[in-house]
Every structure is written in structure tokens, then in C-alpha cells.
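Heads up, the thing below is written out as C-alpha cells.
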Amino acid sequence: MTSSYIFLTPPGGTSATADETRTIRDGFTLLGFLFPWVWLLAHRLWLHAAAAFLLQGIGGALMDEPGLGPAGAAILLGVNMLVGLEGQNFRVRNLAAKGWSEDALIAADTIGTAEQVYFSDRAVMAGSDDAAAPDWQNKARPSGPHGDATSLGLFGFDGGR
């Protein structure tokens, strides 16, 4: 299944190396869905984690009150869904606020393939003779129910988040 990968370069650097470039998969995160505030803390999103913890505490307290159980469950599920669907976007926006710049968005089957495409393009742009760029060819997609599928998400990729 094809995923999108966002490549971020550090602040102040025009030509980032592979060690400095960050790659973040743009999509649903299962651990963020299951453990929202813990996942946010693990990715150093302190304010997001505090808000998720607070909302989950409120949801848990509402579930204990008679008649308010569905509202509490809705709050808990809403927090889990939001972090699961938009957690990676929170990471990208946090790095962008620190000066990191979004350099590329590449759709690929695996992160390894996305990194090969990204760094081979950088080697060609730098004019390096020692790193030959692979010959990437578009392959015909199967014409079946999965061949023309679109991906679902809260927001598009055109920068209109």
C-alpha cells in the first residue's frame, strides 16, 4: 500500500545529509490512537500531550456520572481518533515551528523506497558523479478495485492544512 512520506531539512542548512534529514510518514498512527498522550510525550509534543491527558481525564470522569457515559466515551474516542489521524501532522508542524522546512513529499510503498527517490534526486541536483541515480520508471497499475483507489484523510497534501 502506498504511503506518503514528508522529508524535513534542519534550519539553516541548504544541503542536508541523510543523518540530518527527518522522514515522517503522513498517515494514521496506531500507537497514537491506542495511547494518545503517551505517544505525544514520546514525540516531545508537550502541550498536545497535556491537552490530550486533560481531555481524557474529563472524558473518564464523565463516564462515571449517570447519564453522561456516552458523552465521556465520545470525548475519549474523539481524542484517540484525532491523535491517531493527525498525530504525524502535529509532529511536522512542531518541527516547522522550530525552523525545519518541508523539502519534499514522496509517495512510495516503503520508507526505504521513498528515501532512495529523495536522496537520488539530491545527488543528481548536486552534480555528484559517484552516486548514479536509479532509473525510476512508472509502472502500470493493476486495473482492479484497488488500482484506482484514493486515500482518505482529514486534509489534502497541497499545503492547505
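Going by the C-alpha cells order, chains are called A, B, ..., each with residues numbered from 1, while ligands are numbered from 1 in the order shown.
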
Find the spatial neighbours of stretch 71-82 of chain A, counting only C-alpha atoms, within a cut-off of 9 Å - ignore same-chain residues fewer than 4 positions away - and output them as number ranges by chain.
-> A: 32-37, 52, 55-65, 67, 86-87

For the residues in the current selection, export N, CA and C atoms as a compact mmCIF listing (two decimals), in the first residue's frame.
# COMPACT_ATOMS: atom_id res chain seq x y z
N GLY A 32 -0.49 6.06 18.29
CA GLY A 32 -1.10 7.33 18.65
C GLY A 32 -2.58 7.19 18.95
N PHE A 33 -3.23 6.29 18.26
CA PHE A 33 -4.65 6.03 18.50
C PHE A 33 -4.87 5.30 19.82
N LEU A 34 -4.04 4.29 20.08
CA LEU A 34 -4.22 3.48 21.29
C LEU A 34 -3.76 4.19 22.56
N PHE A 35 -2.67 4.93 22.50
CA PHE A 35 -2.10 5.60 23.66
C PHE A 35 -1.80 7.06 23.32
N PRO A 36 -2.81 7.91 23.20
CA PRO A 36 -2.59 9.24 22.63
C PRO A 36 -1.61 10.11 23.40
N TRP A 37 -1.81 10.32 24.68
CA TRP A 37 -0.93 11.26 25.37
C TRP A 37 0.46 10.68 25.58
N ALA A 52 -4.37 16.34 25.61
CA ALA A 52 -4.96 15.01 25.45
C ALA A 52 -5.21 14.36 26.81
N LEU A 55 -8.23 16.14 28.45
CA LEU A 55 -9.49 15.75 27.82
C LEU A 55 -9.86 14.30 28.14
N GLN A 56 -8.87 13.43 28.18
CA GLN A 56 -9.17 12.05 28.53
C GLN A 56 -9.59 11.93 30.00
N GLY A 57 -9.01 12.74 30.87
CA GLY A 57 -9.44 12.76 32.26
C GLY A 57 -10.88 13.24 32.40
N ILE A 58 -11.23 14.28 31.65
CA ILE A 58 -12.61 14.78 31.67
C ILE A 58 -13.56 13.72 31.12
N GLY A 59 -13.16 13.07 30.02
CA GLY A 59 -14.00 12.01 29.46
C GLY A 59 -14.19 10.86 30.42
N GLY A 60 -13.11 10.46 31.11
CA GLY A 60 -13.22 9.39 32.10
C GLY A 60 -14.12 9.77 33.26
N ALA A 61 -14.04 11.03 33.71
CA ALA A 61 -14.90 11.48 34.81
C ALA A 61 -16.36 11.53 34.36
N LEU A 62 -16.61 11.94 33.14
CA LEU A 62 -17.99 11.99 32.65
C LEU A 62 -18.57 10.58 32.50
N MET A 63 -17.74 9.61 32.18
CA MET A 63 -18.24 8.25 32.04
C MET A 63 -18.72 7.68 33.37
N ASP A 64 -18.20 8.18 34.49
CA ASP A 64 -18.61 7.71 35.81
C ASP A 64 -19.93 8.32 36.26
N GLU A 65 -20.33 9.43 35.66
CA GLU A 65 -21.58 10.09 36.03
C GLU A 65 -22.76 9.42 35.34
N GLY A 67 -25.85 8.90 33.20
CA GLY A 67 -26.44 9.63 32.09
C GLY A 67 -25.45 10.34 31.20
N GLU A 86 -4.16 12.68 13.09
CA GLU A 86 -3.40 13.91 12.88
C GLU A 86 -2.12 14.00 13.71
N GLY A 87 -1.74 12.93 14.39
CA GLY A 87 -0.54 12.95 15.21
C GLY A 87 0.73 13.24 14.42

Residues near A:Phe7, cut-off 7 Å, only C-alpha atoms, skip fewer than 5 positions along chain, as an NGL selection string = :A and (21-24 or 102-105)

Could you state the separation of atom CA of A:Tyr5 and atom CA of A:Ala107 in Å, given to one decimal place?
->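 About the pair atom CA of A:Tyr5 and atom CA of A:Ala107: they are 6.2 Å apart.
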
Nearest to A:Thr2 among A:Leu85, A:Val117, A:Asp109, A:Leu30, with distances taken over only C-alpha atoms: which residue is it?
->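 The closest residue to A:Thr2 is A:Asp109.
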
Go ahead and compute the interatomic distance for atom CA of A:Ala97 and atom CA of A:Val38, in Å to one decimal.
->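 Atom-to-atom, atom CA of A:Ala97 to atom CA of A:Val38, that is 21.6 Å.
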